[in-house]
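Below: start04.cif (mmCIF, C-alpha atoms and all ligand atoms)
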```
data_model
loop_
_atom_site.label_atom_id
_atom_site.label_comp_id
_atom_site.auth_asym_id
_atom_site.auth_seq_id
_atom_site.Cartn_x
_atom_site.Cartn_y
_atom_site.Cartn_z
CA MET A 1 -53.55 32.43 -2.34
CA ALA A 2 -51.13 30.07 -4.12
CA PRO A 3 -48.36 27.70 -3.06
CA THR A 4 -45.55 29.93 -1.88
CA VAL A 5 -41.76 29.97 -2.02
CA LEU A 6 -40.67 31.96 1.05
CA ILE A 7 -37.37 33.86 0.87
CA VAL A 8 -35.91 34.45 4.35
CA GLY A 9 -33.01 36.92 4.36
CA ALA A 10 -34.22 38.38 1.06
CA THR A 11 -32.52 41.77 1.51
CA GLY A 12 -29.12 40.29 2.37
CA ASN A 13 -25.94 39.15 0.62
CA THR A 14 -27.32 35.92 -0.81
CA GLY A 15 -31.10 36.48 -0.64
CA ARG A 16 -31.21 39.40 -3.07
CA SER A 17 -30.22 37.33 -6.09
CA VAL A 18 -32.57 34.51 -5.09
CA VAL A 19 -35.44 37.02 -5.33
CA GLU A 20 -34.10 38.52 -8.56
CA THR A 21 -33.60 35.14 -10.25
CA LEU A 22 -36.37 32.83 -9.06
CA PRO A 23 -39.55 34.31 -10.65
CA LYS A 24 -38.03 34.03 -14.14
CA LEU A 25 -36.88 30.43 -13.51
CA LEU A 26 -40.39 29.43 -12.36
CA GLU A 27 -42.05 30.71 -15.54
CA ASN A 28 -43.30 27.93 -17.84
CA THR A 29 -42.46 25.20 -15.32
CA LYS A 30 -44.65 22.96 -13.17
CA LEU A 31 -44.14 25.54 -10.41
CA ALA A 32 -45.33 28.51 -12.50
CA SER A 33 -48.36 29.07 -10.23
CA HIS A 34 -46.12 29.46 -7.14
CA ARG A 35 -45.70 32.93 -5.71
CA VAL A 36 -42.37 34.28 -4.44
CA LEU A 37 -42.71 35.93 -1.03
CA ALA A 38 -39.69 37.92 0.18
CA LEU A 39 -39.38 38.70 3.89
CA THR A 40 -37.86 41.72 5.62
CA ARG A 41 -38.05 43.25 9.08
CA SER A 42 -38.36 46.69 7.49
CA ALA A 43 -40.41 47.11 4.30
CA SER A 44 -39.38 50.77 4.07
CA SER A 45 -35.63 50.08 3.86
CA PRO A 46 -34.05 50.89 0.46
CA SER A 47 -33.05 47.24 -0.10
CA ALA A 48 -36.60 46.00 0.63
CA GLN A 49 -38.08 48.72 -1.59
CA ALA A 50 -35.83 47.61 -4.46
CA LEU A 51 -37.07 44.02 -4.09
CA ALA A 52 -40.71 45.11 -3.98
CA LYS A 53 -40.32 46.60 -7.49
CA LEU A 54 -39.24 43.30 -9.04
CA PRO A 55 -41.83 41.56 -11.24
CA GLY A 56 -43.32 38.39 -9.74
CA VAL A 57 -42.23 39.22 -6.18
CA GLU A 58 -44.36 39.98 -3.11
CA LEU A 59 -42.82 41.56 -0.04
CA ALA A 60 -43.92 40.95 3.56
CA GLU A 61 -42.72 42.78 6.68
CA GLN A 62 -42.15 39.92 9.11
CA ASN A 63 -39.23 38.91 11.33
CA TRP A 64 -38.60 35.25 10.46
CA VAL A 65 -37.58 34.35 14.01
CA GLU A 66 -41.21 35.04 15.10
CA ILE A 67 -42.82 32.81 12.45
CA ASP A 68 -44.74 29.76 13.73
CA ASN A 69 -46.24 26.85 11.84
CA ALA A 70 -49.69 28.51 11.74
CA TRP A 71 -48.12 31.46 9.85
CA LEU A 72 -46.44 29.07 7.39
CA ARG A 73 -49.71 27.20 6.76
CA GLU A 74 -51.72 30.40 6.42
CA HIS A 75 -49.27 31.67 3.77
CA GLU A 76 -49.26 28.26 2.01
CA VAL A 77 -45.48 28.01 2.23
CA VAL A 78 -44.19 24.90 0.42
CA ARG A 79 -40.55 25.83 -0.24
CA ILE A 80 -38.12 28.01 1.72
CA PHE A 81 -34.79 29.75 1.20
CA ILE A 82 -33.07 30.79 4.41
CA ALA A 83 -29.87 32.80 4.99
CA PRO A 84 -29.71 32.56 8.80
CA HIS A 85 -28.10 35.15 11.05
CA VAL A 86 -24.95 34.09 12.93
CA GLN A 87 -25.80 35.36 16.38
CA THR A 88 -24.93 32.94 19.18
CA ASN A 89 -28.63 31.90 19.36
CA GLN A 90 -28.70 30.80 15.69
CA PHE A 91 -29.29 27.14 16.54
CA VAL A 92 -32.22 28.03 18.76
CA GLU A 93 -33.87 30.43 16.27
CA GLU A 94 -33.11 28.62 13.00
CA GLY A 95 -33.83 25.26 14.68
CA GLN A 96 -37.22 26.52 15.85
CA PHE A 97 -37.99 27.87 12.39
CA LEU A 98 -37.08 24.55 10.71
CA VAL A 99 -39.11 22.44 13.15
CA ASN A 100 -42.06 24.77 12.50
CA ALA A 101 -41.49 24.30 8.76
CA LEU A 102 -41.51 20.50 9.16
CA ARG A 103 -44.74 20.62 11.19
CA ALA A 104 -46.33 22.98 8.65
CA GLY A 105 -45.72 20.49 5.84
CA VAL A 106 -43.06 22.49 3.99
CA LYS A 107 -41.63 20.29 1.24
CA TYR A 108 -38.15 21.75 0.55
CA VAL A 109 -35.63 24.06 2.24
CA VAL A 110 -32.46 25.53 0.74
CA ARG A 111 -30.24 27.00 3.45
CA ILE A 112 -26.96 28.87 3.57
CA SER A 113 -24.36 27.08 5.66
CA THR A 114 -20.67 27.93 5.84
CA ALA A 115 -17.31 26.90 4.37
CA ALA A 116 -17.31 23.10 4.05
CA PRO A 117 -14.02 22.31 5.89
CA ASN A 118 -15.41 24.17 8.94
CA VAL A 119 -18.74 22.34 9.22
CA ARG A 120 -17.67 19.87 11.93
CA PRO A 121 -18.48 19.27 15.60
CA ASP A 122 -14.95 20.14 16.79
CA ILE A 123 -14.49 23.41 14.91
CA LEU A 124 -13.38 26.23 17.19
CA ALA A 125 -15.43 28.90 15.38
CA TYR A 126 -18.82 28.79 17.13
CA TYR A 127 -21.03 29.73 14.16
CA ALA A 128 -19.59 26.94 11.97
CA ARG A 129 -20.40 24.46 14.76
CA THR A 130 -23.94 25.83 14.74
CA HIS A 131 -24.24 25.13 11.01
CA TRP A 132 -22.99 21.57 11.70
CA ALA A 133 -25.63 21.19 14.43
CA ILE A 134 -28.45 22.39 12.15
CA GLU A 135 -27.37 20.05 9.33
CA THR A 136 -27.10 17.17 11.81
CA MET A 137 -30.60 17.94 13.10
CA LEU A 138 -32.01 17.98 9.55
CA SER A 139 -30.29 14.64 8.81
CA GLN A 140 -32.33 12.82 11.46
CA PRO A 141 -35.11 10.44 10.32
CA GLU A 142 -37.75 12.69 11.94
CA PHE A 143 -37.10 15.24 9.15
CA LYS A 144 -37.38 12.82 6.22
CA GLU A 145 -40.64 14.34 4.92
CA MET A 146 -38.96 17.73 4.41
CA HIS A 147 -36.31 17.77 1.68
CA TRP A 148 -33.35 20.12 2.22
CA THR A 149 -30.11 21.24 0.66
CA SER A 150 -27.34 23.02 2.57
CA LEU A 151 -25.03 25.29 0.55
CA GLN A 152 -21.53 25.46 2.09
CA PRO A 153 -19.89 28.55 0.59
CA ASN A 154 -16.35 29.81 1.00
CA ILE A 155 -15.58 33.34 2.33
CA PHE A 156 -17.75 36.00 0.67
CA LEU A 157 -15.71 38.33 -1.57
CA PRO A 158 -17.24 41.65 -0.39
CA LEU A 159 -16.36 40.79 3.24
CA ALA A 160 -12.84 39.68 2.36
CA LEU A 161 -12.23 42.76 0.19
CA ARG A 162 -13.75 45.34 2.54
CA ALA A 163 -10.42 46.48 4.01
CA THR A 164 -8.84 46.64 0.53
CA VAL A 165 -11.69 48.83 -0.71
CA GLU A 166 -11.26 51.15 2.30
CA PHE A 167 -7.48 51.27 1.67
CA ILE A 168 -7.99 52.26 -1.99
CA LYS A 169 -10.71 54.82 -1.24
CA GLU A 170 -8.65 56.44 1.51
CA PHE A 171 -5.62 56.68 -0.78
CA LYS A 172 -7.74 58.30 -3.48
CA ARG A 173 -9.02 60.81 -0.92
CA THR A 174 -5.77 61.65 0.87
CA GLY A 175 -2.93 60.50 -1.42
CA LYS A 176 -1.52 58.64 1.59
CA GLN A 177 -1.30 54.92 2.35
CA SER A 178 -2.42 53.38 5.61
CA PRO A 179 -1.40 49.75 6.26
CA LEU A 180 -3.29 47.30 4.02
CA SER A 181 -5.11 44.53 5.88
CA VAL A 182 -5.73 41.26 4.00
CA ILE A 183 -7.44 38.27 5.60
CA LEU A 184 -5.89 35.75 3.19
CA ASP A 185 -2.51 34.10 3.59
CA THR A 186 0.28 35.61 1.43
CA SER A 187 0.58 32.73 -1.03
CA THR A 188 -2.17 30.15 -0.33
CA PRO A 189 -4.79 30.10 -3.13
CA THR A 190 -8.42 30.47 -1.99
CA GLY A 191 -11.62 30.35 -4.05
CA MET A 192 -13.60 33.16 -2.45
CA ILE A 193 -17.13 33.60 -3.82
CA ASP A 194 -19.51 36.43 -4.57
CA PRO A 195 -22.73 35.87 -2.57
CA TYR A 196 -24.69 36.99 -5.63
CA ASP A 197 -23.66 33.74 -7.36
CA ILE A 198 -24.72 31.73 -4.28
CA GLY A 199 -28.24 33.19 -4.47
CA VAL A 200 -28.48 32.29 -8.16
CA VAL A 201 -27.50 28.69 -7.30
CA ALA A 202 -30.16 28.63 -4.57
CA ALA A 203 -32.80 29.90 -7.03
CA HIS A 204 -31.94 27.09 -9.47
CA LEU A 205 -32.42 24.54 -6.67
CA LEU A 206 -35.74 26.08 -5.58
CA ALA A 207 -37.00 25.90 -9.17
CA GLN A 208 -36.38 22.13 -9.53
CA ALA A 209 -39.60 20.20 -10.15
CA ASP A 210 -38.13 17.16 -8.36
CA THR A 211 -35.96 17.98 -5.35
CA THR A 212 -35.10 14.32 -4.60
CA PRO A 213 -31.65 14.38 -6.28
CA HIS A 214 -30.62 17.30 -4.04
CA ASN A 215 -32.28 16.11 -0.83
CA GLN A 216 -29.92 16.04 2.19
CA ALA A 217 -27.08 17.32 -0.02
CA LYS A 218 -24.33 19.55 1.35
CA TYR A 219 -22.75 21.31 -1.61
CA VAL A 220 -19.39 23.08 -1.63
CA LEU A 221 -19.43 26.49 -3.33
CA ASN A 222 -16.33 28.47 -4.29
CA GLY A 223 -15.77 31.24 -6.79
CA PRO A 224 -14.49 30.49 -10.31
CA GLU A 225 -10.81 31.07 -9.49
CA ASP A 226 -8.33 31.07 -6.63
CA VAL A 227 -6.58 34.20 -5.40
CA THR A 228 -3.81 34.69 -2.84
CA GLY A 229 -3.22 37.55 -0.40
CA GLU A 230 -0.34 38.72 -2.56
CA GLN A 231 -2.64 38.95 -5.61
CA ILE A 232 -5.11 41.08 -3.61
CA ALA A 233 -2.24 43.45 -2.69
CA LYS A 234 -1.23 43.62 -6.39
CA MET A 235 -4.83 44.50 -7.31
CA ALA A 236 -4.74 47.33 -4.76
CA GLU A 237 -1.49 48.60 -6.33
CA GLN A 238 -3.18 48.82 -9.73
CA TYR A 239 -5.78 51.17 -8.23
CA ILE A 240 -3.34 53.41 -6.34
CA GLY A 241 -0.60 53.38 -9.01
CA GLU A 242 2.29 52.68 -6.62
CA PRO A 243 3.66 49.76 -4.54
CA VAL A 244 1.83 48.99 -1.30
CA LYS A 245 4.28 49.90 1.49
CA ASP A 246 2.85 48.05 4.46
CA VAL A 247 0.60 44.98 4.21
CA GLU A 248 -0.51 42.56 6.90
CA PHE A 249 -1.66 39.16 5.66
CA LYS A 250 -3.84 36.78 7.74
CA ASP A 251 -5.17 39.85 9.53
CA VAL A 252 -8.30 38.99 11.51
CA SER A 253 -7.98 41.77 14.08
CA PHE A 254 -11.45 43.04 13.01
CA VAL A 255 -12.83 40.11 15.03
CA ASP A 256 -11.39 41.64 18.21
CA GLN A 257 -13.33 44.84 17.44
CA MET A 258 -16.49 42.76 16.89
CA ALA A 259 -15.94 41.03 20.26
CA GLU A 260 -15.36 44.35 22.03
CA SER A 261 -18.63 45.86 20.78
CA SER A 262 -20.72 42.69 21.20
CA PRO A 263 -23.03 42.19 24.18
CA GLU A 264 -22.47 38.43 23.79
CA SER A 265 -19.61 36.29 25.20
CA LYS A 266 -16.38 37.86 23.96
CA ASN A 267 -14.68 34.48 24.13
CA VAL A 268 -17.31 33.03 21.79
CA ILE A 269 -17.21 35.96 19.34
CA ARG A 270 -13.39 35.85 19.23
CA SER A 271 -13.63 32.19 18.09
CA ILE A 272 -14.63 33.53 14.64
CA LYS A 273 -10.88 34.06 14.06
CA PHE A 274 -10.38 30.32 13.70
CA SER A 275 -12.72 30.14 10.72
CA LEU A 276 -9.88 31.31 8.45
CA ASP A 277 -7.54 28.42 9.32
CA ALA A 278 -9.00 26.15 6.63
CA ALA A 279 -8.40 28.73 3.88
CA TRP A 280 -4.86 29.41 5.14
CA ASP A 281 -4.21 25.64 5.08
CA GLY A 282 -5.21 25.46 1.39
CA LYS A 283 -8.46 23.56 2.04
CA ALA A 284 -10.79 26.08 0.37
CA LYS A 285 -9.65 26.13 -3.23
CA ALA A 286 -11.89 26.68 -6.28
CA GLU A 287 -11.36 23.05 -7.35
CA THR A 288 -13.33 21.80 -4.31
CA THR A 289 -16.67 23.14 -5.65
CA SER A 290 -19.23 20.32 -5.89
CA LYS A 291 -19.83 18.93 -9.39
CA GLU A 292 -23.59 19.28 -8.87
CA ILE A 293 -23.13 23.05 -8.44
CA LEU A 294 -21.07 23.32 -11.63
CA ASP A 295 -23.88 21.49 -13.45
CA LEU A 296 -26.66 23.68 -11.97
CA TYR A 297 -25.02 27.12 -12.22
CA ALA A 298 -21.24 27.54 -12.08
CA PRO A 299 -20.27 30.61 -9.98
CA LYS A 300 -18.83 33.27 -12.29
CA ARG A 301 -17.84 36.44 -10.48
CA THR A 302 -14.14 36.99 -9.82
CA ALA A 303 -12.32 38.94 -7.10
CA ALA A 304 -11.21 41.55 -9.66
CA GLU A 305 -14.82 42.15 -10.82
CA VAL A 306 -16.18 42.45 -7.29
CA LEU A 307 -13.33 44.76 -6.23
CA LYS A 308 -13.97 47.03 -9.24
CA GLU A 309 -17.66 47.24 -8.42
CA LEU A 310 -17.01 48.04 -4.75
CA VAL A 311 -14.34 50.67 -5.49
CA GLU A 312 -16.44 52.39 -8.16
CA GLY A 313 -19.78 51.94 -6.36
N1 LIG A 401 -19.86 36.37 5.25
C1 LIG A 401 -19.20 35.32 4.81
O1 LIG A 401 -18.03 35.40 4.35
C2 LIG A 401 -19.86 33.96 4.83
C3 LIG A 401 -19.20 32.87 4.25
C4 LIG A 401 -19.84 31.62 4.24
C5 LIG A 401 -21.11 31.48 4.80
N2 LIG A 401 -21.72 32.56 5.37
C6 LIG A 401 -23.05 32.35 5.96
O2 LIG A 401 -24.00 33.18 5.33
C7 LIG A 401 -25.15 33.26 6.20
C8 LIG A 401 -25.78 34.61 6.08
O3 LIG A 401 -26.19 34.84 4.76
P1 LIG A 401 -26.24 36.31 4.19
O4 LIG A 401 -24.89 36.96 4.35
O5 LIG A 401 -26.85 36.23 2.84
O6 LIG A 401 -27.26 36.97 5.21
P2 LIG A 401 -27.23 38.49 5.73
O7 LIG A 401 -27.03 39.38 4.55
O8 LIG A 401 -26.29 38.59 6.88
O9 LIG A 401 -28.70 38.62 6.32
C9 LIG A 401 -29.85 38.42 5.51
C10 LIG A 401 -30.98 39.25 6.03
O10 LIG A 401 -31.46 38.69 7.24
C11 LIG A 401 -32.06 39.72 8.05
N3 LIG A 401 -31.47 39.60 9.39
C12 LIG A 401 -30.19 39.89 9.75
N4 LIG A 401 -30.00 39.64 11.06
C13 LIG A 401 -31.18 39.18 11.54
C14 LIG A 401 -31.63 38.78 12.82
N5 LIG A 401 -30.82 38.76 13.89
N6 LIG A 401 -32.91 38.38 12.96
C15 LIG A 401 -33.76 38.38 11.90
N7 LIG A 401 -33.40 38.76 10.65
C16 LIG A 401 -32.11 39.16 10.48
C17 LIG A 401 -31.73 41.05 7.35
O11 LIG A 401 -32.89 41.43 6.60
P3 LIG A 401 -33.90 42.59 7.05
O12 LIG A 401 -33.09 43.61 7.81
O13 LIG A 401 -34.42 43.09 5.75
O14 LIG A 401 -34.91 41.89 7.89
C18 LIG A 401 -30.63 40.68 6.38
O15 LIG A 401 -30.60 41.47 5.22
C19 LIG A 401 -24.64 32.96 7.61
O16 LIG A 401 -25.33 31.85 8.13
C20 LIG A 401 -23.15 32.73 7.43
O17 LIG A 401 -22.63 31.71 8.26
C21 LIG A 401 -21.15 33.79 5.38
#
```

For the file at hand, write its structure as structure tokens.
Ligand SMILES: NC(=O)c1ccc[n+]([C@@H]2O[C@H](COP(=O)([O-])OP(=O)(O)OC[C@H]3O[C@@H](n4cnc5c(N)ncnc54)[C@H](OP(=O)(O)O)[C@@H]3O)[C@@H](O)[C@H]2O)c1
Amino acid sequence: MAPTVLIVGATGNTGRSVVETLPKLLENTKLASHRVLALTRSASSPSAQALAKLPGVELAEQNWVEIDNAWLREHEVVRIFIAPHVQTNQFVEEGQFLVNALRAGVKYVVRISTAAPNVRPDILAYYARTHWAIETMLSQPEFKEMHWTSLQPNIFLPLALRATVEFIKEFKRTGKQSPLSVILDTSTPTGMIDPYDIGVVAAHLLAQADTTPHNQAKYVLNGPEDVTGEQIAKMAEQYIGEPVKDVEFKDVSFVDQMAESSPESKNVIRSIKFSLDAAWDGKAKAETTSKEILDLYAPKRTAAEVLKELVEG
């Protein structure tokens, strides 16, 4: 076996591009002998199968929440990428995983956090408070032997554009408009980001020979440009070829549906609605991206590009 970079969440929004990008970045570096091990709970899923075909990538069927420090030592894990789930037990499961990583002698972790203005102890949205709690745990002196970087990305474009894509596809199918739901405010600019770009940033961090400059860093990641709710509605009009008749901005009613179908506390799940306040208040603009991220790999993909891909895909 060889020293291993473990990719947790490899089949997901951000993990896929970590796996696609990292092997190439490791070539001809001090880390060239490291293997890239991508995890999935289901090796037969189409997304896992696609990763298994990539050169320089090994795939393992293993639920990360069941990994202990013996597993990490046995697989010679020295660096980790993790895109944690946002269930209400995230602190318990990600916290356990990170303590195991510390005890197993892992040297560096790159993790996906959430939008920077929301990572605070008094945020109403429960999952953002969980990210704050994990970062606070990692900041304690007991963790000093394990370097870490937390990436704090803005709203992911595919999530924010999902209702717009459905609106366009339905119009193309039926010739009729249903109301258009947009989660952004009408006129407040927001730098939403494609998770593919986030994974590429994470791969660049994981390929650094010396992780000291990025240790304990919390980096802000936005897309390359701001868009408003009104601009999203205009983009939809270009696809349907007529004015949008009925549009609701700041629409987070999908969270009520999530709460209804969740077995967890509905009160807690409904708190997700408050995660949009920062964007509506103009605190999540493209200009807030950390300089270190622009130097490493500046996010490139725009809302228009992602919308085109989703509509045509
Ligand atoms: N969505 C947004 O707009 C947004 C914005 C900012 C930050 N974030 C943050 O992004 C993070 C998630 O990153 P992501 O979207 O890249 O991840 P993801 O796509 O939601 O999940 C990554 C992978 O993790 C595995 N997984 C999912 N749920 C799991 C569970 N309960 N237990 C074990 N494995 C599970 C799945 O892989 P397999 O099925 O192959 O095992 C999945 O493909 C969250 O912490 C969230 O706060 C999201």

Would you place a box with edges along x, y and z of the file around all atoms of stretch 91-94 of chain A listed there, add 6 Å to each of its six sides, and report the centre and edge lengths in Å to one decimal, as AutoDock Vina command-line options?
```
--center_x -31.6 --center_y 28.8 --center_z 15.9 --size_x 16.6 --size_y 15.3 --size_z 17.8
```

Shell around stretch 176-189 of chain A at 8 Å using all atoms listed in the file, local window under 4 positions removed, as an mmCIF file with C-alpha atoms, in the coordinates of the input:
```cif
data_model
loop_
_atom_site.group_PDB
_atom_site.id
_atom_site.type_symbol
_atom_site.label_atom_id
_atom_site.label_comp_id
_atom_site.auth_asym_id
_atom_site.auth_seq_id
_atom_site.Cartn_x
_atom_site.Cartn_y
_atom_site.Cartn_z
ATOM 1 C CA ALA A 160 -12.840 39.680 2.360
ATOM 2 C CA LEU A 161 -12.230 42.760 0.190
ATOM 3 C CA ALA A 163 -10.420 46.480 4.010
ATOM 4 C CA THR A 164 -8.840 46.640 0.530
ATOM 5 C CA PHE A 167 -7.480 51.270 1.670
ATOM 6 C CA GLU A 170 -8.650 56.440 1.510
ATOM 7 C CA PHE A 171 -5.620 56.680 -0.780
ATOM 8 C CA ASP A 226 -8.330 31.070 -6.630
ATOM 9 C CA VAL A 227 -6.580 34.200 -5.400
ATOM 10 C CA THR A 228 -3.810 34.690 -2.840
ATOM 11 C CA GLY A 229 -3.220 37.550 -0.400
ATOM 12 C CA GLU A 230 -0.340 38.720 -2.560
ATOM 13 C CA ILE A 232 -5.110 41.080 -3.610
ATOM 14 C CA ALA A 233 -2.240 43.450 -2.690
ATOM 15 C CA VAL A 244 1.830 48.990 -1.300
ATOM 16 C CA LYS A 245 4.280 49.900 1.490
ATOM 17 C CA ASP A 246 2.850 48.050 4.460
ATOM 18 C CA VAL A 247 0.600 44.980 4.210
ATOM 19 C CA GLU A 248 -0.510 42.560 6.900
ATOM 20 C CA PHE A 249 -1.660 39.160 5.660
ATOM 21 C CA LYS A 250 -3.840 36.780 7.740
ATOM 22 C CA ASP A 251 -5.170 39.850 9.530
ATOM 23 C CA VAL A 252 -8.300 38.990 11.510
ATOM 24 C CA LEU A 276 -9.880 31.310 8.450
ATOM 25 C CA ALA A 279 -8.400 28.730 3.880
ATOM 26 C CA TRP A 280 -4.860 29.410 5.140
ATOM 27 C CA ASP A 281 -4.210 25.640 5.080
ATOM 28 C CA GLY A 282 -5.210 25.460 1.390
ATOM 29 C CA LYS A 285 -9.650 26.130 -3.230
#
```

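The two atoms in question, atom CA of A:Thr149 and atom CA of A:Met1, are spaced 26.1 Å apart.
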
Which one is closest to A:Gln90: A:Gln49, A:Thr130, A:Asn118, A:Asn154? Count all atoms listed in the file.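 Comparing A:Gln49, A:Thr130, A:Asn118, A:Asn154 against A:Gln90, the winner is A:Thr130.
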
Find the residues near stretch 293-309 of chain A: any atom within 10 Å, counting all atoms listed in the file, skip ones fewer than 4 places away on the same chain, and give them as a compact mmCIF listing (two decimals) with C-alpha atoms, keeping the file's coordinate frame.
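Generated file (part.txt):
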```txt
# COMPACT_ATOMS: atom_id res chain seq x y z
CA LEU A 151 -25.03 25.29 0.55
CA PHE A 156 -17.75 36.00 0.67
CA LEU A 157 -15.71 38.33 -1.57
CA PRO A 158 -17.24 41.65 -0.39
CA ALA A 160 -12.84 39.68 2.36
CA LEU A 161 -12.23 42.76 0.19
CA ARG A 162 -13.75 45.34 2.54
CA THR A 164 -8.84 46.64 0.53
CA VAL A 165 -11.69 48.83 -0.71
CA GLY A 191 -11.62 30.35 -4.05
CA MET A 192 -13.60 33.16 -2.45
CA ILE A 193 -17.13 33.60 -3.82
CA ASP A 194 -19.51 36.43 -4.57
CA PRO A 195 -22.73 35.87 -2.57
CA TYR A 196 -24.69 36.99 -5.63
CA ASP A 197 -23.66 33.74 -7.36
CA ILE A 198 -24.72 31.73 -4.28
CA VAL A 200 -28.48 32.29 -8.16
CA VAL A 201 -27.50 28.69 -7.30
CA ALA A 202 -30.16 28.63 -4.57
CA ALA A 203 -32.80 29.90 -7.03
CA HIS A 204 -31.94 27.09 -9.47
CA LEU A 205 -32.42 24.54 -6.67
CA TYR A 219 -22.75 21.31 -1.61
CA VAL A 220 -19.39 23.08 -1.63
CA LEU A 221 -19.43 26.49 -3.33
CA ASN A 222 -16.33 28.47 -4.29
CA GLY A 223 -15.77 31.24 -6.79
CA PRO A 224 -14.49 30.49 -10.31
CA GLU A 225 -10.81 31.07 -9.49
CA ASP A 226 -8.33 31.07 -6.63
CA VAL A 227 -6.58 34.20 -5.40
CA GLN A 231 -2.64 38.95 -5.61
CA ILE A 232 -5.11 41.08 -3.61
CA MET A 235 -4.83 44.50 -7.31
CA ALA A 236 -4.74 47.33 -4.76
CA TYR A 239 -5.78 51.17 -8.23
CA ALA A 286 -11.89 26.68 -6.28
CA THR A 289 -16.67 23.14 -5.65
CA GLY A 313 -19.78 51.94 -6.36
```

Enumerate residues in contact with ligand LIG 401 (chain A): an atom-to-atom distance of at most 9 Å, counting only C-alpha atoms and all ligand atoms. Format the result as a PDB file with C-alpha atoms, keeping the file's coordinate frame.
```pdb
ATOM      1  CA  VAL A   8     -35.910  34.450   4.350  1.00  0.00           C
ATOM      2  CA  GLY A   9     -33.010  36.920   4.360  1.00  0.00           C
ATOM      3  CA  ALA A  10     -34.220  38.380   1.060  1.00  0.00           C
ATOM      4  CA  THR A  11     -32.520  41.770   1.510  1.00  0.00           C
ATOM      5  CA  GLY A  12     -29.120  40.290   2.370  1.00  0.00           C
ATOM      6  CA  ASN A  13     -25.940  39.150   0.620  1.00  0.00           C
ATOM      7  CA  THR A  14     -27.320  35.920  -0.810  1.00  0.00           C
ATOM      8  CA  GLY A  15     -31.100  36.480  -0.640  1.00  0.00           C
ATOM      9  CA  ARG A  16     -31.210  39.400  -3.070  1.00  0.00           C
ATOM     10  CA  LEU A  39     -39.380  38.700   3.890  1.00  0.00           C
ATOM     11  CA  THR A  40     -37.860  41.720   5.620  1.00  0.00           C
ATOM     12  CA  ARG A  41     -38.050  43.250   9.080  1.00  0.00           C
ATOM     13  CA  SER A  42     -38.360  46.690   7.490  1.00  0.00           C
ATOM     14  CA  ALA A  43     -40.410  47.110   4.300  1.00  0.00           C
ATOM     15  CA  SER A  45     -35.630  50.080   3.860  1.00  0.00           C
ATOM     16  CA  SER A  47     -33.050  47.240  -0.100  1.00  0.00           C
ATOM     17  CA  ALA A  48     -36.600  46.000   0.630  1.00  0.00           C
ATOM     18  CA  GLU A  61     -42.720  42.780   6.680  1.00  0.00           C
ATOM     19  CA  GLN A  62     -42.150  39.920   9.110  1.00  0.00           C
ATOM     20  CA  ASN A  63     -39.230  38.910  11.330  1.00  0.00           C
ATOM     21  CA  TRP A  64     -38.600  35.250  10.460  1.00  0.00           C
ATOM     22  CA  VAL A  65     -37.580  34.350  14.010  1.00  0.00           C
ATOM     23  CA  GLU A  66     -41.210  35.040  15.100  1.00  0.00           C
ATOM     24  CA  ILE A  82     -33.070  30.790   4.410  1.00  0.00           C
ATOM     25  CA  ALA A  83     -29.870  32.800   4.990  1.00  0.00           C
ATOM     26  CA  PRO A  84     -29.710  32.560   8.800  1.00  0.00           C
ATOM     27  CA  HIS A  85     -28.100  35.150  11.050  1.00  0.00           C
ATOM     28  CA  VAL A  86     -24.950  34.090  12.930  1.00  0.00           C
ATOM     29  CA  GLN A  87     -25.800  35.360  16.380  1.00  0.00           C
ATOM     30  CA  GLN A  90     -28.700  30.800  15.690  1.00  0.00           C
ATOM     31  CA  GLU A  93     -33.870  30.430  16.270  1.00  0.00           C
ATOM     32  CA  ARG A 111     -30.240  27.000   3.450  1.00  0.00           C
ATOM     33  CA  ILE A 112     -26.960  28.870   3.570  1.00  0.00           C
ATOM     34  CA  SER A 113     -24.360  27.080   5.660  1.00  0.00           C
ATOM     35  CA  THR A 114     -20.670  27.930   5.840  1.00  0.00           C
ATOM     36  CA  ALA A 115     -17.310  26.900   4.370  1.00  0.00           C
ATOM     37  CA  ALA A 116     -17.310  23.100   4.050  1.00  0.00           C
ATOM     38  CA  TYR A 127     -21.030  29.730  14.160  1.00  0.00           C
ATOM     39  CA  ALA A 128     -19.590  26.940  11.970  1.00  0.00           C
ATOM     40  CA  THR A 130     -23.940  25.830  14.740  1.00  0.00           C
ATOM     41  CA  HIS A 131     -24.240  25.130  11.010  1.00  0.00           C
ATOM     42  CA  LEU A 151     -25.030  25.290   0.550  1.00  0.00           C
ATOM     43  CA  GLN A 152     -21.530  25.460   2.090  1.00  0.00           C
ATOM     44  CA  PRO A 153     -19.890  28.550   0.590  1.00  0.00           C
ATOM     45  CA  ASN A 154     -16.350  29.810   1.000  1.00  0.00           C
ATOM     46  CA  ILE A 155     -15.580  33.340   2.330  1.00  0.00           C
ATOM     47  CA  PHE A 156     -17.750  36.000   0.670  1.00  0.00           C
ATOM     48  CA  LEU A 157     -15.710  38.330  -1.570  1.00  0.00           C
ATOM     49  CA  PRO A 158     -17.240  41.650  -0.390  1.00  0.00           C
ATOM     50  CA  LEU A 159     -16.360  40.790   3.240  1.00  0.00           C
ATOM     51  CA  ALA A 160     -12.840  39.680   2.360  1.00  0.00           C
ATOM     52  CA  MET A 192     -13.600  33.160  -2.450  1.00  0.00           C
ATOM     53  CA  ILE A 193     -17.130  33.600  -3.820  1.00  0.00           C
ATOM     54  CA  PRO A 195     -22.730  35.870  -2.570  1.00  0.00           C
ATOM     55  CA  TYR A 196     -24.690  36.990  -5.630  1.00  0.00           C
ATOM     56  CA  ILE A 198     -24.720  31.730  -4.280  1.00  0.00           C
ATOM     57  CA  GLY A 199     -28.240  33.190  -4.470  1.00  0.00           C
TER      58      GLY A 199
END
```
